[in-house]
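So this one's start_31.cif, mmCIF, C-alpha atoms and all ligand atoms:
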```
data_data
#
loop_
_atom_site.label_atom_id
_atom_site.label_comp_id
_atom_site.auth_asym_id
_atom_site.auth_seq_id
_atom_site.Cartn_x
_atom_site.Cartn_y
_atom_site.Cartn_z
CA MET A 13 16.56 2.52 24.28
CA THR A 14 15.29 0.58 21.26
CA ASN A 15 13.69 -2.82 21.47
CA PRO A 16 15.98 -5.31 19.60
CA ALA A 17 13.07 -7.65 18.77
CA ARG A 18 11.39 -4.75 17.03
CA SER A 19 14.34 -3.31 15.16
CA ALA A 20 15.31 -6.76 13.84
CA SER A 21 12.16 -6.79 11.75
CA PRO A 22 12.24 -5.00 8.37
CA GLY A 23 8.46 -5.13 8.27
CA THR A 24 5.45 -7.01 9.53
CA GLN A 25 6.11 -10.64 10.34
CA PRO A 26 2.99 -12.69 11.02
CA ALA A 27 3.67 -15.68 13.29
CA GLY A 28 5.50 -18.49 11.51
CA ILE A 29 6.21 -16.43 8.38
CA ALA A 30 9.78 -15.55 7.47
CA ASP A 31 9.90 -13.93 4.03
CA GLU A 32 8.44 -10.65 2.81
CA ALA A 33 6.40 -12.04 -0.08
CA ALA A 34 4.67 -14.52 2.23
CA ALA A 35 4.03 -11.78 4.80
CA SER A 36 2.35 -9.65 2.11
CA ARG A 37 0.20 -12.56 0.96
CA TYR A 38 -0.82 -13.26 4.58
CA VAL A 39 -1.83 -9.62 5.13
CA LYS A 40 -3.80 -9.44 1.89
CA LYS A 41 -5.73 -12.62 2.72
CA LEU A 42 -6.35 -11.51 6.31
CA PHE A 43 -7.97 -8.24 5.20
CA SER A 44 -9.88 -10.02 2.41
CA ASP A 45 -11.37 -12.33 5.04
CA VAL A 46 -12.45 -9.57 7.43
CA ALA A 47 -13.41 -6.86 4.89
CA GLY A 48 -17.17 -7.19 5.45
CA ARG A 49 -16.87 -6.75 9.24
CA TYR A 50 -13.82 -4.46 9.27
CA ASP A 51 -15.64 -1.17 9.97
CA LEU A 52 -17.88 -2.60 12.66
CA LEU A 53 -14.89 -4.11 14.46
CA ASN A 54 -12.79 -0.98 14.09
CA HIS A 55 -15.40 1.21 15.74
CA LEU A 56 -16.35 -1.38 18.35
CA LEU A 57 -12.82 -2.32 19.43
CA SER A 58 -11.58 1.27 19.56
CA LEU A 59 -14.79 2.50 21.27
CA ASN A 60 -15.18 4.76 18.23
CA MET A 61 -11.90 6.56 18.95
CA ASP A 62 -10.58 5.55 15.51
CA ARG A 63 -12.89 8.18 13.98
CA TYR A 64 -11.41 10.87 16.24
CA TRP A 65 -7.82 9.82 15.37
CA ARG A 66 -8.48 10.07 11.64
CA ARG A 67 -10.18 13.46 12.10
CA ALA A 68 -7.15 14.67 14.09
CA THR A 69 -4.93 13.55 11.20
CA ALA A 70 -7.07 15.50 8.72
CA ARG A 71 -6.93 18.58 10.98
CA HIS A 72 -3.14 18.42 11.03
CA PHE A 73 -3.03 18.64 7.23
CA ARG A 74 -5.81 21.23 6.81
CA HIS A 75 -3.35 23.64 5.12
CA VAL A 76 -2.81 21.09 2.32
CA LEU A 77 -6.44 19.99 2.11
CA ASP A 78 -7.60 23.60 1.68
CA ARG A 79 -5.68 23.89 -1.61
CA PRO A 80 -7.72 23.09 -4.76
CA ASP A 81 -4.52 22.17 -6.61
CA ALA A 82 -3.37 19.66 -3.96
CA ARG A 83 -3.18 15.94 -4.76
CA VAL A 84 -3.56 13.62 -1.78
CA LEU A 85 -3.02 9.87 -1.50
CA ASP A 86 -4.79 7.82 1.19
CA LEU A 87 -2.32 4.91 1.26
CA CYS A 88 -3.50 1.46 2.46
CA CYS A 89 -6.95 3.04 2.48
CA GLY A 90 -8.89 -0.08 3.49
CA THR A 91 -12.56 0.90 3.55
CA ALA A 92 -11.66 4.59 2.98
CA ASP A 93 -12.47 6.04 6.41
CA LEU A 94 -9.38 8.24 6.28
CA SER A 95 -10.38 9.44 2.79
CA LEU A 96 -13.74 10.48 4.25
CA ALA A 97 -12.08 12.37 7.09
CA LEU A 98 -9.66 14.06 4.68
CA ALA A 99 -12.45 14.94 2.24
CA ARG A 100 -14.63 16.70 4.81
CA GLY A 101 -14.46 20.39 3.85
CA SER A 102 -11.45 19.72 1.65
CA ARG A 103 -10.76 21.25 -1.75
CA ALA A 104 -7.97 18.82 -2.63
CA ARG A 105 -8.26 15.83 -4.96
CA ILE A 106 -8.04 12.62 -2.94
CA LEU A 107 -7.09 9.23 -4.31
CA ALA A 108 -7.35 6.08 -2.18
CA SER A 109 -5.18 3.02 -2.79
CA ASP A 110 -4.91 -0.46 -1.28
CA PHE A 111 -3.81 -3.89 -2.49
CA CYS A 112 -6.78 -5.78 -1.08
CA HIS A 113 -9.66 -6.04 -3.54
CA PRO A 114 -12.49 -6.76 -1.04
CA MET A 115 -11.44 -3.75 1.10
CA LEU A 116 -11.50 -1.56 -2.03
CA THR A 117 -14.99 -2.81 -2.91
CA GLN A 118 -16.14 -1.58 0.51
CA ALA A 119 -14.25 1.68 -0.04
CA ARG A 120 -15.90 2.35 -3.41
CA GLU A 121 -19.40 1.73 -2.03
CA LYS A 122 -18.78 3.93 0.99
CA LEU A 123 -17.39 6.84 -1.05
CA ARG A 124 -20.42 6.63 -3.37
CA ARG A 125 -22.79 6.59 -0.38
CA HIS A 126 -21.14 9.82 0.79
CA ALA A 127 -21.53 11.33 -2.68
CA LEU A 128 -17.77 11.36 -3.20
CA LEU A 129 -16.01 10.33 -6.39
CA PRO A 130 -14.76 6.78 -5.82
CA LEU A 131 -11.21 7.52 -6.91
CA VAL A 132 -9.51 4.30 -5.89
CA ALA A 133 -6.54 2.33 -7.15
CA GLU A 134 -5.63 -1.29 -6.45
CA ALA A 135 -1.93 -0.99 -5.74
CA ASP A 136 0.84 -2.36 -3.55
CA ALA A 137 2.24 0.35 -1.29
CA LEU A 138 5.73 -1.04 -1.89
CA GLN A 139 5.43 -0.60 -5.66
CA LEU A 140 3.06 2.23 -6.37
CA PRO A 141 1.92 2.77 -9.97
CA PHE A 142 2.42 6.56 -9.69
CA GLN A 143 5.12 8.76 -11.15
CA ASP A 144 7.75 10.39 -8.98
CA GLY A 145 6.51 13.61 -7.39
CA SER A 146 2.77 12.97 -7.87
CA PHE A 147 1.34 14.00 -4.48
CA ASP A 148 1.34 16.92 -2.06
CA LEU A 149 0.35 14.65 0.83
CA VAL A 150 0.54 10.92 1.46
CA ALA A 151 -1.52 9.93 4.49
CA CYS A 152 -1.80 6.43 5.88
CA SER A 153 -3.90 5.30 8.84
CA PHE A 154 -3.24 1.96 10.53
CA GLY A 155 -1.90 0.53 7.26
CA PHE A 156 1.84 1.20 7.32
CA ARG A 157 2.51 -1.29 10.14
CA ASN A 158 1.25 -4.06 7.84
CA LEU A 159 3.90 -3.49 5.17
CA ALA A 160 6.39 -6.29 4.65
CA ASN A 161 9.27 -3.79 4.56
CA TYR A 162 9.03 -0.45 6.41
CA ARG A 163 12.15 1.11 4.90
CA SER A 164 10.94 0.32 1.36
CA GLY A 165 7.53 1.71 2.31
CA LEU A 166 9.06 5.00 3.45
CA GLN A 167 11.19 5.21 0.28
CA GLU A 168 8.16 4.63 -1.91
CA ILE A 169 6.16 7.34 -0.10
CA ARG A 170 9.07 9.74 -0.52
CA ARG A 171 9.35 8.89 -4.22
CA VAL A 172 5.69 9.69 -5.00
CA LEU A 173 5.69 12.93 -2.98
CA LYS A 174 6.40 16.26 -4.65
CA PRO A 175 9.36 18.18 -3.21
CA GLY A 176 7.89 19.97 -0.20
CA GLY A 177 5.13 17.33 0.01
CA GLU A 178 4.13 15.94 3.40
CA VAL A 179 3.59 12.53 4.90
CA GLY A 180 1.33 11.54 7.80
CA ILE A 181 1.43 8.03 9.23
CA LEU A 182 -1.13 7.21 11.93
CA GLU A 183 -0.35 4.07 13.88
CA PHE A 184 -1.10 2.35 17.14
CA GLY A 185 1.21 3.06 20.05
CA ALA A 186 1.65 1.65 23.51
CA PRO A 187 0.31 3.92 26.26
CA ARG A 188 2.52 4.14 29.32
CA GLY A 189 1.57 4.78 32.92
CA ARG A 190 1.43 2.49 35.93
CA LEU A 191 -2.29 1.85 35.57
CA LEU A 192 -3.11 2.57 31.94
CA GLY A 193 -0.11 0.64 30.52
CA PRO A 194 -0.99 -2.79 31.97
CA LEU A 195 -4.74 -2.25 31.61
CA TYR A 196 -4.44 -1.37 27.94
CA SER A 197 -2.00 -4.21 27.34
CA PHE A 198 -4.47 -6.69 28.87
CA TYR A 199 -7.27 -5.33 26.70
CA PHE A 200 -5.15 -5.25 23.53
CA HIS A 201 -3.55 -8.69 23.90
CA ARG A 202 -6.40 -10.65 25.49
CA ILE A 203 -9.82 -9.08 25.01
CA LEU A 204 -9.45 -7.53 21.56
CA PRO A 205 -8.30 -10.73 19.75
CA ALA A 206 -11.13 -12.73 21.32
CA VAL A 207 -13.85 -10.20 20.46
CA GLY A 208 -12.35 -9.67 16.99
CA GLU A 209 -12.37 -13.37 16.22
CA TRP A 210 -15.88 -13.80 17.55
CA VAL A 211 -17.41 -10.89 15.58
CA SER A 212 -15.48 -11.47 12.35
CA GLY A 213 -15.98 -15.22 12.46
CA VAL A 214 -12.42 -15.58 11.15
CA LYS A 215 -10.15 -17.67 13.36
CA GLY A 216 -6.97 -15.93 14.48
CA SER A 217 -7.81 -12.76 12.51
CA TYR A 218 -7.38 -10.32 15.39
CA SER A 219 -4.41 -12.05 17.05
CA TYR A 220 -2.28 -10.64 14.25
CA LEU A 221 -3.07 -7.04 15.30
CA PRO A 222 -1.35 -6.93 18.74
CA GLY A 223 1.60 -8.93 17.39
CA SER A 224 2.12 -6.46 14.55
CA VAL A 225 1.93 -3.48 16.91
CA ASP A 226 4.43 -5.10 19.30
CA ARG A 227 6.90 -5.57 16.44
CA PHE A 228 6.57 -2.01 15.12
CA PRO A 229 9.57 0.22 15.91
CA ASP A 230 9.41 2.41 19.00
CA PRO A 231 8.33 5.99 18.21
CA ASP A 232 11.84 7.46 18.44
CA GLU A 233 13.26 4.67 16.34
CA PHE A 234 10.57 5.12 13.70
CA LEU A 235 11.31 8.86 13.53
CA ALA A 236 14.98 7.95 12.96
CA TRP A 237 13.93 5.64 10.11
CA MET A 238 11.91 8.49 8.59
CA ARG A 239 14.96 10.76 8.78
CA GLU A 240 17.13 8.05 7.19
CA ALA A 241 14.57 7.73 4.39
CA GLY A 242 15.14 11.42 3.64
CA PHE A 243 12.25 13.12 5.41
CA ALA A 244 12.80 16.46 7.12
CA GLY A 245 10.95 18.05 10.02
CA VAL A 246 9.89 14.67 11.35
CA ALA A 247 7.79 14.73 14.51
CA ARG A 248 5.17 12.73 16.30
CA SER A 249 2.07 13.54 18.30
CA GLU A 250 0.45 11.13 20.70
CA LEU A 251 -3.31 10.79 20.63
CA THR A 252 -5.42 9.46 23.51
CA TRP A 253 -2.49 8.92 25.91
CA GLY A 254 -0.37 7.37 23.19
CA ILE A 255 -2.82 4.68 22.09
CA ALA A 256 -2.39 6.16 18.63
CA VAL A 257 0.57 8.12 17.29
CA LEU A 258 0.68 10.44 14.29
CA TYR A 259 4.11 10.60 12.61
CA VAL A 260 4.66 13.49 10.21
CA GLY A 261 7.46 14.66 7.96
CA GLU A 262 8.24 16.46 4.73
CA LYS A 263 10.14 15.65 1.55
CA PRO A 264 12.70 18.44 1.34
CA SER A 265 12.69 20.72 -1.68
CA PRO A 266 15.97 20.94 -3.59
CA GLN A 267 17.89 24.00 -2.44
CA GLY A 268 17.20 27.21 -4.32
CA ILE A 269 13.77 26.17 -5.62
C1 LIG B 1 -5.75 -1.98 9.31
S1 LIG B 1 -6.24 -1.66 7.68
C2 LIG B 1 -6.32 0.12 7.66
C3 LIG B 1 -7.34 0.62 6.69
C4 LIG B 1 -7.66 2.10 6.76
N1 LIG B 1 -6.54 2.91 6.37
C5 LIG B 1 -8.19 2.50 8.11
O1 LIG B 1 -7.76 3.54 8.64
O2 LIG B 1 -9.07 1.83 8.64
C6 LIG B 1 -4.76 -1.97 6.79
C7 LIG B 1 -4.92 -1.88 5.29
O3 LIG B 1 -3.62 -1.88 4.71
C8 LIG B 1 -3.68 -2.60 3.51
N2 LIG B 1 -2.32 -3.01 3.13
C9 LIG B 1 -1.45 -3.73 3.86
N3 LIG B 1 -0.31 -3.92 3.18
C10 LIG B 1 -0.46 -3.28 2.00
C11 LIG B 1 0.37 -3.11 0.87
N4 LIG B 1 1.59 -3.64 0.79
N5 LIG B 1 -0.08 -2.37 -0.16
C12 LIG B 1 -1.32 -1.83 -0.12
N6 LIG B 1 -2.18 -1.99 0.91
C13 LIG B 1 -1.74 -2.70 1.97
C14 LIG B 1 -4.60 -3.76 3.82
O4 LIG B 1 -5.11 -4.36 2.66
C15 LIG B 1 -5.66 -3.07 4.67
O5 LIG B 1 -6.73 -2.62 3.89
#
```

Before anything else, please render the file you have as structure tokens.
Amino acid sequence: MTNPARSASPGTQPAGIADEAAASRYVKKLFSDVAGRYDLLNHLLSLNMDRYWRRATARHFRHVLDRPDARVLDLCCGTADLSLALARGSRARILASDFCHPMLTQAREKLRRHALLPLVAEADALQLPFQDGSFDLVACSFGFRNLANYRSGLQEIRRVLKPGGEVGILEFGAPRGRLLGPLYSFYFHRILPAVGEWVSGVKGSYSYLPGSVDRFPDPDEFLAWMREAGFAGVARSELTWGIAVLYVGEKPSPQGI
């Protein structure tokens, strides 16, 4: 059964914010404020599991990354950790995009430090400055949930994919189980926001995270949204007991091509 509170929301809805433009502005400012501490907090609060989840995502798309002609977009790239995971041993050309300038500054520096071309674009995921059919893979880790409109986000990903191109969306989930469920929920809703606020020094910064995960569609519902957006072969895999979920799908090729 779907959660009505979740399905009512077309996209992220920070507390006290009703319209999509204001939600986008809130998200951009939030990530601008925490950009300098974002990596430290990510690794600390996930006990370094975030690195494993991004590597698992890259492994899933190895067949695309092995192709020298493949074009890959790391959407909502933040500080480019997914780009790094995708680039490891890859022959594809990887472009990273995000709409938050301070996060992109971190991304550029990190890619340079790893001797990778800092191919980054400052762009809103809901209005990408790329032509139709530009990419063989669009991958997005922990960014999609922050979009102000999920259906528009899926449509935009589909638009910039080549026919036969693939999408991978890595997001937080809610682990079940009589013990793990409540324990994780306590950690995620109580401990994480407090530690996040303390380390980042930005008041309220990490209270947004659990709220945005709670509002995100249930996994089955999100797969249905992907199908409605025109993706085929949609599926999900749970990572670390469902704490993270990788959603995948493909833009169908026109018949006979
Ligand atoms: C939680 S961070 C994830 C960053 C990175 N992908 C990772 O795995 O750590 C979310 C990122 O999504 C970006 N973002 C949110 N909404 C966006 C939008 N509409 N267009 C582009 N980037 C967006 C934020 O600026 C932020 O850098």

- Task: Would you mind reading off the distance between atom CA of Val246 of chain A and atom CA of Val260 of chain A, one decimal, in Å?
- Result: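 The value is 5.5 Å.
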
Neighbourhood of ligand LIG 1 (chain B) at 6 Å, counting all atoms listed in the file, reported as a PDB file with C-alpha atoms, keeping the file's coordinate frame:
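Contents of out20.pdb, freshly written:
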```pdb
ATOM      1  CA  LYS A  40      -3.800  -9.440   1.890  1.00  0.00           C
ATOM      2  CA  PHE A  43      -7.970  -8.240   5.200  1.00  0.00           C
ATOM      3  CA  CYS A  88      -3.500   1.460   2.460  1.00  0.00           C
ATOM      4  CA  CYS A  89      -6.950   3.040   2.480  1.00  0.00           C
ATOM      5  CA  GLY A  90      -8.890  -0.080   3.490  1.00  0.00           C
ATOM      6  CA  THR A  91     -12.560   0.900   3.550  1.00  0.00           C
ATOM      7  CA  ASP A  93     -12.470   6.040   6.410  1.00  0.00           C
ATOM      8  CA  LEU A  94      -9.380   8.240   6.280  1.00  0.00           C
ATOM      9  CA  ASP A 110      -4.910  -0.460  -1.280  1.00  0.00           C
ATOM     10  CA  PHE A 111      -3.810  -3.890  -2.490  1.00  0.00           C
ATOM     11  CA  CYS A 112      -6.780  -5.780  -1.080  1.00  0.00           C
ATOM     12  CA  MET A 115     -11.440  -3.750   1.100  1.00  0.00           C
ATOM     13  CA  ALA A 135      -1.930  -0.990  -5.740  1.00  0.00           C
ATOM     14  CA  ASP A 136       0.840  -2.360  -3.550  1.00  0.00           C
ATOM     15  CA  ALA A 137       2.240   0.350  -1.290  1.00  0.00           C
ATOM     16  CA  LEU A 138       5.730  -1.040  -1.890  1.00  0.00           C
ATOM     17  CA  CYS A 152      -1.800   6.430   5.880  1.00  0.00           C
ATOM     18  CA  SER A 153      -3.900   5.300   8.840  1.00  0.00           C
ATOM     19  CA  PHE A 154      -3.240   1.960  10.530  1.00  0.00           C
ATOM     20  CA  GLY A 155      -1.900   0.530   7.260  1.00  0.00           C
ATOM     21  CA  ASN A 158       1.250  -4.060   7.840  1.00  0.00           C
ATOM     22  CA  LEU A 159       3.900  -3.490   5.170  1.00  0.00           C
TER      23      LEU A 159
END
```

- Message: Using all atoms listed in the file, can you tell me which of A:Arg157, A:Pro26, A:Glu262, A:Ala206 comes closest to Asp230 of chain A?
- Response: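 Distance minimum relative to Asp230 of chain A lands on A:Arg157.
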
- Correct to one decimal, the distance atom CA of Leu182 of chain A-atom CA of Ala256 of chain A is 6.9 Å

- Would you mind telling me which residue in A:Leu123, A:Val179, A:Ser249, A:Ile255 lies nearest to Phe200 of chain A when using all atoms listed in the file? A:Ile255

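Counting only C-alpha atoms, Ala47 of chain A has the following residues at most 12 Å away, ignoring those fewer than 2 positions along the same chain: Val39, Lys40, Lys41, Leu42, Phe43, Ser44, Asp45, Arg49, Tyr50, Asp51, Leu52, Leu53, Asn54, Gly90, Thr91, Ala92, Cys112, His113, Pro114, Met115, Leu116, Thr117, Gln118, Ala119, Ser212, Gly213, Val214 and Ser217 of chain A.
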
- Item | Distance criterion (all atoms listed in the file): nearest to Leu191 of chain A out of A:Ser219, A:Gly48, A:Leu173, A:Trp253 |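 Smallest separation from Leu191 of chain A among the options: A:Trp253.
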
- Task: Fewer than 3 positions away in the same chain doesn't count, so skip those; otherwise give me all residues within 12 Å of Gly28 of chain A, counting only C-alpha atoms, as a VMD selection string.
- Result: chain A and resid 24 to 25 31 34 to 35 38 220 223

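We find atom CA of Leu131 of chain A and atom CA of Leu107 of chain A to be spaced 5.2 Å apart.
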
- Taking into account only C-alpha atoms, which residue in the set A:Met238, A:Pro130, A:Phe147, A:Gly254 is nearest to Arg188 of chain A?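 The shortest atom-to-atom distance to Arg188 of chain A comes from A:Gly254.
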
- Query: Of the candidates A:Ile203, A:Ala241, A:Leu192, A:Ala82, which one gets nearest to Gly177 of chain A if we count only C-alpha atoms?
  - Reply: A:Ala82

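Taking all atoms listed in the file into account, the residues near (-10.5, 4.6, 13.4), no farther than 8 Å, are A:Asn54, A:His55, A:Ser58, A:Asn60, A:Met61, A:Asp62, A:Arg63, A:Tyr64, A:Trp65, A:Arg66, A:Asp93.
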
- At most 10 Å from (-2.5, -9.6, 22.8), file frame, only C-alpha atoms: which residues, as a list in words? Tyr196, Ser197, Phe198, Tyr199, Phe200, His201, Arg202, Ile203, Leu204, Pro205, Ala206, Tyr218, Ser219, Tyr220, Leu221, Pro222, Gly223, Ser224, Val225 and Asp226 of chain A

Output C-alpha atoms for every residue in that selection, as an mmCIF file, in the coordinates of the input.
```cif
data_model
loop_
_atom_site.group_PDB
_atom_site.id
_atom_site.type_symbol
_atom_site.label_atom_id
_atom_site.label_comp_id
_atom_site.auth_asym_id
_atom_site.auth_seq_id
_atom_site.Cartn_x
_atom_site.Cartn_y
_atom_site.Cartn_z
ATOM 1 C CA TYR A 196 -4.440 -1.370 27.940
ATOM 2 C CA SER A 197 -2.000 -4.210 27.340
ATOM 3 C CA PHE A 198 -4.470 -6.690 28.870
ATOM 4 C CA TYR A 199 -7.270 -5.330 26.700
ATOM 5 C CA PHE A 200 -5.150 -5.250 23.530
ATOM 6 C CA HIS A 201 -3.550 -8.690 23.900
ATOM 7 C CA ARG A 202 -6.400 -10.650 25.490
ATOM 8 C CA ILE A 203 -9.820 -9.080 25.010
ATOM 9 C CA LEU A 204 -9.450 -7.530 21.560
ATOM 10 C CA PRO A 205 -8.300 -10.730 19.750
ATOM 11 C CA ALA A 206 -11.130 -12.730 21.320
ATOM 12 C CA TYR A 218 -7.380 -10.320 15.390
ATOM 13 C CA SER A 219 -4.410 -12.050 17.050
ATOM 14 C CA TYR A 220 -2.280 -10.640 14.250
ATOM 15 C CA LEU A 221 -3.070 -7.040 15.300
ATOM 16 C CA PRO A 222 -1.350 -6.930 18.740
ATOM 17 C CA GLY A 223 1.600 -8.930 17.390
ATOM 18 C CA SER A 224 2.120 -6.460 14.550
ATOM 19 C CA VAL A 225 1.930 -3.480 16.910
ATOM 20 C CA ASP A 226 4.430 -5.100 19.300
#
```

At the level of N, CA and C atoms, write segment 171-183 of chain A to a file as a CSV table (one decimal), in the first residue's frame, please.
```csv
chain,number,residue,atom,x,y,z
A,171,ARG,N,14.5,12.6,-21.3
A,171,ARG,CA,14.7,13.4,-22.5
A,171,ARG,C,16.2,13.4,-22.9
A,172,VAL,N,17.1,13.5,-21.9
A,172,VAL,CA,18.5,13.6,-22.3
A,172,VAL,C,19.2,12.3,-22.5
A,173,LEU,N,18.5,11.2,-22.3
A,173,LEU,CA,19.1,9.9,-22.6
A,173,LEU,C,18.9,9.5,-24.0
A,174,LYS,N,19.9,8.8,-24.6
A,174,LYS,CA,19.7,8.2,-25.9
A,174,LYS,C,18.7,7.1,-25.8
A,175,PRO,N,18.1,6.8,-26.9
A,175,PRO,CA,17.2,5.6,-26.9
A,175,PRO,C,18.1,4.4,-26.5
A,176,GLY,N,17.7,3.6,-25.6
A,176,GLY,CA,18.5,2.4,-25.1
A,176,GLY,C,19.4,2.9,-24.0
A,177,GLY,N,19.4,4.2,-23.7
A,177,GLY,CA,20.2,4.6,-22.5
A,177,GLY,C,19.6,4.2,-21.2
A,178,GLU,N,20.5,4.3,-20.2
A,178,GLU,CA,20.0,3.7,-18.9
A,178,GLU,C,20.1,4.8,-17.8
A,179,VAL,N,19.2,4.6,-16.8
A,179,VAL,CA,19.2,5.5,-15.6
A,179,VAL,C,19.4,4.7,-14.4
A,180,GLY,N,20.2,5.3,-13.4
A,180,GLY,CA,20.4,4.7,-12.1
A,180,GLY,C,20.2,5.8,-11.1
A,181,ILE,N,19.2,5.6,-10.2
A,181,ILE,CA,19.0,6.6,-9.1
A,181,ILE,C,19.2,5.9,-7.8
A,182,LEU,N,20.2,6.4,-7.1
A,182,LEU,CA,20.5,5.8,-5.7
A,182,LEU,C,19.9,6.7,-4.7
A,183,GLU,N,19.1,6.1,-3.8
A,183,GLU,CA,18.4,7.0,-2.8
A,183,GLU,C,18.4,6.2,-1.5
```
